[in-house]
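J.: Input: one structure, supplied below.
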Amino acid sequence: MNPAFVLPPLPNLPILAALPALRAALATNSRVVLEAPPGAGKTTVVPLELLAAEWRAPEDKILLLEPRQLAVRGAAARLAQLLGEPVGRTIGYRVRLDSKVSKETRVEVITEGILTRMIQDDPALEGVAAVVFDEFHERSLNADLGLALALDAQAVLRPELRILIMSATLEAQRLEQWLPAPVVSSAGFLFPIDTHYLDPRRASALPNKANERLAELVPAQVRAALSAHAEGDILVFLPGVGDLQRSARKLTDSLPDHVDLHLLHGELPLEVQDAALRPVGGGRRKVILATSIAETSLTIEGVRVVIDGGFARVPRFVPRTGFTTLETVPVARAAADQRRGRAGRLAPGTCYRLWTEAEHHNLPAHRPPEIHTADLSSLALELALWGAATPNSLRWLDAPPTAAFAQAQELLLRLGAVSELIKNEALEKSSASPKPDAEQAIFNSSLKPTAHGRQLAALGLPPRLAHLVVRGQELGHGAAAASLAALLAERDLLRWAATTDTRPSPPDLRLRLEALASGRPPLPGLALHHATLQRVRDVARNLTSRLGKSANSLSHSVAQAPVGLLTALAYPDRLAQRETHDRLRLVTGQRVSLNTTDVDPQATFFAVAHLAGTASAPRATLAAPLDQDELELAFADQITTTEEVRYDPTAQRVTGRRVRRLGALLLDEKVIGQPNPELVAHALLAYLQEAGLSKLNWTAGAQQLQQRLEFLRRHFSSATADSTQVSNHESAAETWPAFDDQTLTLELADWLGPHLTGLRTLADVQRLDLMEPLLARLPGGWNQRQALDRLAPAALEVPSGSHISLDYSDPAAPVLAVKLQELFGLTETPAVAGGRVPLLLHLLSPGGRPAQVTRDLRSFWEKGYFEVRKDLKGRYPRHPWPDKPMEHIPTKLTKKRLGQ
């Protein structure tokens, strides 16, 4: 044991039985996994055990990571209580905006994000003997990042640093192989828990929506549990703050006098959270309505009954849109077990699950790790600061998804937090497991942090909000920028005063700043969330003081602040322009709904801060107007001036304008009298590709030429070419490209584009002769044109001397339509394609009407001709109808003109 620390008497918890194995594992391994179900006592006992370890130097600290501030303070208080000391001596804690540590502190309980800052400031973690990741099964983004950095520091700088991963519901075997590390297991609950599920008949009659379902079930179940259980407090799990408030309204007037109602969520003041956790006496009982904040790391004394609503609110980041939305989803089985365990910590308990047993078996086993569903901009910035050449240079239990990481990189570049991407050729060459091209491009690129990026990371805010604070300070609006960042980092402080009013609060962001400064509702009918107001003010004061500003100037600064411009600094990808009174177009081109009369009916440009709805139908819930002058000043380097030339179908000509844009936002435009001829040609092409080939001048000759060329492609493809009949040059498949409408449309720019220069109207285009552009597509030049005339002649000279045009509209059966008298004396059917394809003969009467269709001319003369002659001789007596047509002189004349 470590002589610098003497273990106090420890409570009789299941974890005690696992301590010898844990000591042995940590004595010989720098990485260990501890698997301990809820109620085992790992959070309470293990940090003290590590203090007594021989491998810890007396002055070295133990860092205990918890997923939430409430768990941090609770764990620190419990550990200090076991030592008989106040928090801040041997046991201390650090959370955002609050800490209790001293020179004597040897166990620091911290939130997971604090570790990232500590290890970025001191990569070797000097003076730290061990880092303990508690409740790692929650797989928060900060925990995954902290573990990746700690493993890297251990591998490179501190091989003696201990890393202990503790969890109640952990994929221990996967971690054991991945780290690798030995796994120590502990027993579970101290006390039995009766579990009850919802009756299927009751479930079938409930609404499908989670909030409606819970609003109906929870108050009734609370009242039933109070009646069924004479002792103990009740802990109710609900997905979101709105659900807590709805249930509280329904319970307030119906609870017995000796029962106190508490809400527990992360946005409440510390004293309110502590009141929910504090034991009550004197015959009083508590009902605690809590979010998932109460799932882990806490033993709430007095709780004997858990009512689990079965849902959780989780963020979902959509890389395609760049939006993060909160979704209410069914709880995972592992999380449900965690919640259930709250009932059996100190005595036998009961758990009511508000879903059926059949539904329970269909729940997912675990939540997806946050790294799969979150905005990764903070992670990407931290990796750049760490100097990680790529995400792959660190070890991840689950690697950052490619699309989301690429989106994060793009945002950091837009904010100026990192320099341009630098191709890491060495990594690309040495990659042991090549990835698909798109993914490889991302994972073989590194980001170099800028000085501005280092400033952003130091503020401990998401990069967007940190950028708002830093740039706002540079523009002379530091206090207002800090206040706005604090507002955007917390939940909305406005609500409707009437508890029955379910409308979203007004979207005008300026109202929030006004309320923050005055402490009063900005409009009649609105009310304030006072706890949120106080928290936002605390965060704003902290940020303002770090900027060197006085918090006393807040009211004046807010009143004069350009709120829209400041919002745009944080969300440059959500600059928007009004399209209609209820629709905006974002700078990215996506459209979002917003009733602009609720913000500013006169404004043209807006900055959108928050979005709700779905990825396909997003809705702006927080926005502020900004002037065009402000927008152009702040984003001058992103504004482009271009000539936009397009075909106007109404005027049937190409028109041009000089346009200034910021992304998809139109700033101004001017008509151009003489647009760039090259752009005009492109505009004509774009119109023709959309309108189709029918808009071109398809003369009979051009149409026949297209058909002749397509005929040759069909008959001289590689599958049908016969080199014994035609030359290899003529039969090669690539010699005769496709000339069908689809191909000509796709390749319009290649074969027609060069001929459009100088044209401006559709009439100009329709005067073009298409023969030469079509022939120019032939790769064989003049020789191939000759082959075309030889293999697929436009016309055929018949025995009478006439040149008859051929019809190639059916590539399988080209047609020669000719008066039968002009073929007298011809016995063999004419053919094309080098003799491979016999013509389909339409033998016409002297009047030009079809008399017979045949591919066998000899057979016609011998048989069919006499039937035809019988029908037509009387009708056309002036034309020759010889008895021996194969020996007669061909003619297109009458008997009289022949001298008969």
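We name chains A, B, ... following the order of the structure tokens; residues begin at 1 in each chain, and ligands are numbered from 1 as shown.
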Just want the 12 Å neighbourhood of A:Thr761, counted on only C-alpha atoms, with same-chain residues fewer than 5 positions away dropped. Output as an mmCIF file with C-alpha atoms, in the first residue's frame.

T.:
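The result, written out as around33.cif:
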data_model
loop_
_atom_site.group_PDB
_atom_site.id
_atom_site.type_symbol
_atom_site.label_atom_id
_atom_site.label_comp_id
_atom_site.auth_asym_id
_atom_site.auth_seq_id
_atom_site.Cartn_x
_atom_site.Cartn_y
_atom_site.Cartn_z
ATOM 1 C CA ARG A 646 -29.033 32.296 -69.832
ATOM 2 C CA TYR A 647 -31.508 31.632 -72.589
ATOM 3 C CA ASP A 648 -34.850 33.381 -72.126
ATOM 4 C CA PRO A 649 -37.575 31.168 -73.675
ATOM 5 C CA THR A 650 -40.029 34.068 -73.751
ATOM 6 C CA ALA A 651 -37.740 36.367 -75.727
ATOM 7 C CA GLN A 652 -36.201 33.370 -77.538
ATOM 8 C CA ARG A 653 -32.759 34.850 -77.107
ATOM 9 C CA VAL A 654 -29.820 34.806 -74.710
ATOM 10 C CA THR A 655 -29.690 37.544 -72.085
ATOM 11 C CA VAL A 680 -23.726 32.833 -74.709
ATOM 12 C CA ALA A 681 -22.846 29.589 -76.465
ATOM 13 C CA ALA A 683 -26.401 29.233 -72.410
ATOM 14 C CA LEU A 684 -27.726 28.103 -75.774
ATOM 15 C CA LEU A 685 -26.328 24.639 -75.161
ATOM 16 C CA TYR A 687 -31.293 25.404 -73.168
ATOM 17 C CA LEU A 688 -31.029 22.904 -76.022
ATOM 18 C CA LYS A 695 -35.477 22.525 -81.392
ATOM 19 C CA LEU A 756 -22.867 28.145 -81.723
ATOM 20 C CA GLN A 766 -32.390 26.951 -86.347
ATOM 21 C CA ARG A 767 -30.653 28.310 -89.442
ATOM 22 C CA LEU A 768 -27.713 25.966 -88.825
#

J.: Taking only C-alpha atoms into account, name the residue in A:Leu774, A:Ala187, A:Leu840, A:Leu125 that is nearest to A:Lys61.

T.: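 Smallest distance to A:Lys61 is found for A:Leu125.
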
J.: When you count only C-alpha atoms, which of these residues is closest to A:Arg760: A:Ala384, A:Leu19, A:Leu468, A:Val645?

T.: A:Val645

J.: For A:Arg223, please output as a list in words all residues within 9 Å (counting only C-alpha atoms; exclusion window: fewer than 5 positions along the same chain).

T.: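 After dropping sequence-adjacent residues, the list is Val218, Ala228, Leu251, Ser254 and Leu255 of chain A.
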
J.: Out of A:Gly281, A:Ala347, A:Phe317, A:Trp386, which residue has the shortest atom-to-atom distance to A:Leu149 when counting only C-alpha atoms?

T.: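 The shortest atom-to-atom distance to A:Leu149 comes from A:Trp386.
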
J.: Fewer than 6 positions away in the same chain doesn't count, so skip those; otherwise give me all residues within 12 Å of A:Phe237, counting only C-alpha atoms, as a ChimeraX atom specification.

T.: /A:214,218,222,243-244,247,263-265,287-295,305-313,331,335-336,338-340,342-343,351-354

J.: Could you pull the residues within 9 Å of A:Glu126, counting only C-alpha atoms, minus those fewer than 3 positions along the same chain, as a list in words?

T.: Asp60, Asp122, Pro123, Ala129 and Arg158 of chain A

J.: Please measure the separation of atom CA of A:Thr116 and atom CA of A:Arg471, giving the value in Å to one decimal.

T.: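 Separation between atom CA of A:Thr116 and atom CA of A:Arg471: 23.8 Å.
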
J.: Residues of stretch 428-522 of chain A in strand (DSSP E or B) according to DSSP, as a list in words?

T.: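 Result set for stretch 428-522 of chain A (strand (DSSP E or B)): Ser445, Ser446, Pro449, Leu494, Arg495, Trp496 and Asp508 of chain A.
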
J.: Using C-alpha atoms, can you export the residues from the last selection as a PDB file, in the first residue's frame?

T.:
ATOM      1  CA  SER A 445      -5.211  15.113 -44.897  1.00  0.00           C
ATOM      2  CA  SER A 446      -4.129  17.115 -41.858  1.00  0.00           C
ATOM      3  CA  PRO A 449      -4.403  25.144 -36.443  1.00  0.00           C
ATOM      4  CA  LEU A 494     -38.271  32.280 -23.351  1.00  0.00           C
ATOM      5  CA  ARG A 495     -41.589  30.454 -23.114  1.00  0.00           C
ATOM      6  CA  TRP A 496     -45.245  31.335 -23.323  1.00  0.00           C
ATOM      7  CA  ASP A 508     -36.493  36.620 -33.109  1.00  0.00           C
TER       8      ASP A 508
END

J.: Can you pull out every residue within 10 Å of stretch 47-50 of chain A, counting only C-alpha atoms, but drop anything in the same chain fewer than 6 positions away, and send it as number ranges by chain?

T.: A: 1-2, 5-8, 10, 16, 19, 22-23, 26, 56, 61-64, 79-80, 82-83, 91, 106-109, 129-132, 162

J.: Selection from above, C-alpha atoms, as a PDB file, in the first residue's frame, can you write it?

T.:
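So the final result, stored in again_0.pdb, reads:
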ATOM      1  CA  MET A   1       0.000   0.000   0.000  1.00  0.00           C
ATOM      2  CA  ASN A   2       1.054   3.615  -0.496  1.00  0.00           C
ATOM      3  CA  PHE A   5      -2.464   7.528   1.979  1.00  0.00           C
ATOM      4  CA  VAL A   6      -4.380   5.351   4.391  1.00  0.00           C
ATOM      5  CA  LEU A   7      -7.665   3.888   3.168  1.00  0.00           C
ATOM      6  CA  PRO A   8     -10.628   4.777   5.369  1.00  0.00           C
ATOM      7  CA  LEU A  10     -15.089   1.403   3.070  1.00  0.00           C
ATOM      8  CA  LEU A  16     -14.784  -4.808  -2.540  1.00  0.00           C
ATOM      9  CA  LEU A  19     -10.335  -5.000  -5.429  1.00  0.00           C
ATOM     10  CA  LEU A  22      -7.920  -4.818  -9.667  1.00  0.00           C
ATOM     11  CA  ARG A  23      -4.808  -4.088  -7.580  1.00  0.00           C
ATOM     12  CA  LEU A  26      -2.943  -2.254 -12.229  1.00  0.00           C
ATOM     13  CA  ARG A  56       1.290   6.290  -7.277  1.00  0.00           C
ATOM     14  CA  LYS A  61      -3.172  12.877  -8.715  1.00  0.00           C
ATOM     15  CA  ILE A  62      -5.916  10.592  -9.842  1.00  0.00           C
ATOM     16  CA  LEU A  63      -8.266  12.065 -12.490  1.00  0.00           C
ATOM     17  CA  LEU A  64     -11.803  10.646 -12.302  1.00  0.00           C
ATOM     18  CA  LEU A  79     -15.647  10.481  -1.732  1.00  0.00           C
ATOM     19  CA  ALA A  80     -14.903  13.450   0.544  1.00  0.00           C
ATOM     20  CA  LEU A  82     -15.832   8.835   3.232  1.00  0.00           C
ATOM     21  CA  LEU A  83     -12.601  10.640   4.125  1.00  0.00           C
ATOM     22  CA  ILE A  91     -11.015  15.215  -3.058  1.00  0.00           C
ATOM     23  CA  ARG A 106      -5.128  14.192  -4.949  1.00  0.00           C
ATOM     24  CA  VAL A 107      -8.351  13.067  -6.625  1.00  0.00           C
ATOM     25  CA  GLU A 108      -9.863  15.487  -9.114  1.00  0.00           C
ATOM     26  CA  VAL A 109     -13.334  14.554 -10.318  1.00  0.00           C
ATOM     27  CA  ALA A 129      -0.757   8.885 -11.891  1.00  0.00           C
ATOM     28  CA  ALA A 130      -3.980   7.562 -13.422  1.00  0.00           C
ATOM     29  CA  VAL A 131      -6.912   8.612 -15.552  1.00  0.00           C
ATOM     30  CA  VAL A 132     -10.161   6.840 -14.725  1.00  0.00           C
ATOM     31  CA  ARG A 162      -2.423   4.163 -15.745  1.00  0.00           C
TER      32      ARG A 162
END

J.: Can you work out which one of A:Ser186, A:Gln786, A:Ser483, A:Gln69 has the shortest atom-to-atom distance to A:Val46, counting only C-alpha atoms?

T.: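 Closest residue, counting only C-alpha atoms: A:Ser186.
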
J.: With distances taken over only C-alpha atoms, which residue among A:Leu712, A:Leu456, A:Ala813, A:Leu145 lies nearest A:Ala833?

T.: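 Ranked by minimum distance to A:Ala833, first place goes to A:Leu712.
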
J.: Can you work out the spacing between atom CA of A:His888 and atom CA of A:Leu791 in Å, to one decimal?

T.: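 Straight-line distance from atom CA of A:His888 to atom CA of A:Leu791 works out to 29.0 Å.
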
J.: Would you pick out the contacts of A:Pro522 at 7 Å or less, using only C-alpha atoms, so that residues sharing its chain but fewer than 6 positions from it are not included, and give the list as a PyMOL selection string?

T.: chain A and resi 511+514-515

J.: The selected residues should be written to file as a CSV table (one decimal), in the first residue's frame (atoms: N, CA and C atoms).

T.:
chain,number,residue,atom,x,y,z
A,511,LEU,N,-35.0,39.2,-29.2
A,511,LEU,CA,-35.8,39.2,-28.0
A,511,LEU,C,-35.1,38.6,-26.8
A,514,GLU,N,-32.6,41.0,-25.4
A,514,GLU,CA,-33.3,42.0,-24.6
A,514,GLU,C,-33.7,41.5,-23.3
A,515,ALA,N,-34.2,40.3,-23.2
A,515,ALA,CA,-34.6,39.7,-22.0
A,515,ALA,C,-33.4,39.4,-21.1

J.: Just list as an MDAnalysis selection string whatever in stretch 295-500 of chain A DSSP marks as alpha helix (DSSP H).

T.: chainID A and resid 333:341 357:361 377:386 402:415 425:430 437:443 451:458 463:474 478:489

J.: Would you mind exporting C-alpha atoms of the selected residues as a PDB file, in the first residue's frame?

T.:
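Below is the file selection17.pdb, written as the result:
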ATOM      1  CA  ARG A 333     -31.616  -1.925 -23.217  1.00  0.00           C
ATOM      2  CA  ALA A 334     -28.306  -1.085 -21.527  1.00  0.00           C
ATOM      3  CA  ALA A 335     -29.572   2.352 -20.543  1.00  0.00           C
ATOM      4  CA  ALA A 336     -32.846   0.852 -19.326  1.00  0.00           C
ATOM      5  CA  ASP A 337     -30.835  -1.441 -17.051  1.00  0.00           C
ATOM      6  CA  GLN A 338     -28.929   1.560 -15.730  1.00  0.00           C
ATOM      7  CA  ARG A 339     -32.172   3.355 -14.944  1.00  0.00           C
ATOM      8  CA  ARG A 340     -33.648   0.266 -13.317  1.00  0.00           C
ATOM      9  CA  GLY A 341     -30.579   0.008 -11.095  1.00  0.00           C
ATOM     10  CA  GLU A 357     -42.143  -6.849 -22.458  1.00  0.00           C
ATOM     11  CA  ALA A 358     -42.350  -7.676 -26.170  1.00  0.00           C
ATOM     12  CA  GLU A 359     -41.225  -4.121 -27.022  1.00  0.00           C
ATOM     13  CA  HIS A 360     -38.329  -4.481 -24.599  1.00  0.00           C
ATOM     14  CA  HIS A 361     -36.839  -7.360 -26.591  1.00  0.00           C
ATOM     15  CA  SER A 377     -16.082  20.280 -35.457  1.00  0.00           C
ATOM     16  CA  SER A 378     -14.772  20.402 -31.860  1.00  0.00           C
ATOM     17  CA  LEU A 379     -13.075  17.032 -32.299  1.00  0.00           C
ATOM     18  CA  ALA A 380     -11.482  18.092 -35.595  1.00  0.00           C
ATOM     19  CA  LEU A 381     -10.112  21.254 -33.975  1.00  0.00           C
ATOM     20  CA  GLU A 382      -8.716  19.304 -31.026  1.00  0.00           C
ATOM     21  CA  LEU A 383      -6.993  16.864 -33.381  1.00  0.00           C
ATOM     22  CA  ALA A 384      -5.423  19.763 -35.240  1.00  0.00           C
ATOM     23  CA  LEU A 385      -4.176  21.229 -31.957  1.00  0.00           C
ATOM     24  CA  TRP A 386      -2.851  17.846 -30.870  1.00  0.00           C
ATOM     25  CA  THR A 402     -15.848  10.170 -42.961  1.00  0.00           C
ATOM     26  CA  ALA A 403     -18.681  12.452 -44.087  1.00  0.00           C
ATOM     27  CA  ALA A 404     -19.177  14.120 -40.705  1.00  0.00           C
ATOM     28  CA  PHE A 405     -15.428  14.626 -40.259  1.00  0.00           C
ATOM     29  CA  ALA A 406     -15.140  16.183 -43.715  1.00  0.00           C
ATOM     30  CA  GLN A 407     -18.027  18.525 -42.835  1.00  0.00           C
ATOM     31  CA  ALA A 408     -16.213  19.506 -39.650  1.00  0.00           C
ATOM     32  CA  GLN A 409     -13.016  20.254 -41.563  1.00  0.00           C
ATOM     33  CA  GLU A 410     -14.901  22.452 -44.009  1.00  0.00           C
ATOM     34  CA  LEU A 411     -16.479  24.420 -41.167  1.00  0.00           C
ATOM     35  CA  LEU A 412     -13.120  24.978 -39.454  1.00  0.00           C
ATOM     36  CA  LEU A 413     -11.649  26.225 -42.724  1.00  0.00           C
ATOM     37  CA  ARG A 414     -14.600  28.578 -43.178  1.00  0.00           C
ATOM     38  CA  LEU A 415     -14.109  29.910 -39.641  1.00  0.00           C
ATOM     39  CA  GLU A 425       1.768  11.739 -48.932  1.00  0.00           C
ATOM     40  CA  ALA A 426       3.878   9.741 -46.499  1.00  0.00           C
ATOM     41  CA  LEU A 427       0.812   8.491 -44.700  1.00  0.00           C
ATOM     42  CA  GLU A 428      -0.922   7.705 -47.962  1.00  0.00           C
ATOM     43  CA  LYS A 429       1.992   5.565 -49.109  1.00  0.00           C
ATOM     44  CA  SER A 430       2.357   3.745 -45.808  1.00  0.00           C
ATOM     45  CA  ASP A 437     -10.803   7.158 -52.694  1.00  0.00           C
ATOM     46  CA  ALA A 438     -13.164   9.685 -51.065  1.00  0.00           C
ATOM     47  CA  GLU A 439     -12.412   8.452 -47.570  1.00  0.00           C
ATOM     48  CA  GLN A 440      -8.689   8.207 -48.263  1.00  0.00           C
ATOM     49  CA  ALA A 441      -8.614  11.837 -49.370  1.00  0.00           C
ATOM     50  CA  ILE A 442     -10.028  12.916 -46.022  1.00  0.00           C
ATOM     51  CA  PHE A 443      -8.110  10.602 -43.739  1.00  0.00           C
ATOM     52  CA  ALA A 451      -3.628  31.373 -34.018  1.00  0.00           C
ATOM     53  CA  HIS A 452      -7.335  32.069 -34.277  1.00  0.00           C
ATOM     54  CA  GLY A 453      -8.072  28.374 -33.889  1.00  0.00           C
ATOM     55  CA  ARG A 454      -6.012  28.256 -30.687  1.00  0.00           C
ATOM     56  CA  GLN A 455      -8.048  31.161 -29.336  1.00  0.00           C
ATOM     57  CA  LEU A 456     -11.270  29.312 -30.098  1.00  0.00           C
ATOM     58  CA  ALA A 457     -10.160  26.129 -28.327  1.00  0.00           C
ATOM     59  CA  ALA A 458      -9.115  28.065 -25.221  1.00  0.00           C
ATOM     60  CA  PRO A 463     -15.974  26.333 -32.535  1.00  0.00           C
ATOM     61  CA  ARG A 464     -18.930  28.263 -33.969  1.00  0.00           C
ATOM     62  CA  LEU A 465     -19.704  30.037 -30.708  1.00  0.00           C
ATOM     63  CA  ALA A 466     -16.052  30.582 -29.841  1.00  0.00           C
ATOM     64  CA  HIS A 467     -15.576  32.194 -33.261  1.00  0.00           C
ATOM     65  CA  LEU A 468     -18.540  34.459 -32.526  1.00  0.00           C
ATOM     66  CA  VAL A 469     -16.947  35.589 -29.241  1.00  0.00           C
ATOM     67  CA  VAL A 470     -13.478  36.219 -30.677  1.00  0.00           C
ATOM     68  CA  ARG A 471     -14.600  37.969 -33.866  1.00  0.00           C
ATOM     69  CA  GLY A 472     -17.274  39.918 -31.991  1.00  0.00           C
ATOM     70  CA  GLN A 473     -14.587  41.219 -29.667  1.00  0.00           C
ATOM     71  CA  GLU A 474     -12.489  42.291 -32.669  1.00  0.00           C
ATOM     72  CA  GLY A 478     -17.234  41.714 -27.126  1.00  0.00           C
ATOM     73  CA  ALA A 479     -19.805  41.822 -24.306  1.00  0.00           C
ATOM     74  CA  ALA A 480     -22.728  41.367 -26.673  1.00  0.00           C
ATOM     75  CA  ALA A 481     -20.950  38.546 -28.488  1.00  0.00           C
ATOM     76  CA  ALA A 482     -20.279  36.762 -25.188  1.00  0.00           C
ATOM     77  CA  SER A 483     -23.929  37.170 -24.201  1.00  0.00           C
ATOM     78  CA  LEU A 484     -25.146  35.869 -27.533  1.00  0.00           C
ATOM     79  CA  ALA A 485     -22.778  32.880 -27.374  1.00  0.00           C
ATOM     80  CA  ALA A 486     -24.040  32.082 -23.879  1.00  0.00           C
ATOM     81  CA  LEU A 487     -27.637  32.275 -25.100  1.00  0.00           C
ATOM     82  CA  LEU A 488     -26.967  29.967 -28.029  1.00  0.00           C
ATOM     83  CA  ALA A 489     -25.097  27.478 -25.843  1.00  0.00           C
TER      84      ALA A 489
END

J.: So which one's closest to A:Glu797, A:Leu523, A:Leu151, A:Leu826, A:Ile15? Using only C-alpha atoms, please.

T.: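 Between A:Leu523, A:Leu151, A:Leu826, A:Ile15, the residue approaching A:Glu797 most closely is A:Leu826.
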
J.: Just give me the gap between atom CA of A:Ala220 and atom CA of A:Asn208 in Å, one decimal is fine.

T.: 17.8 Å
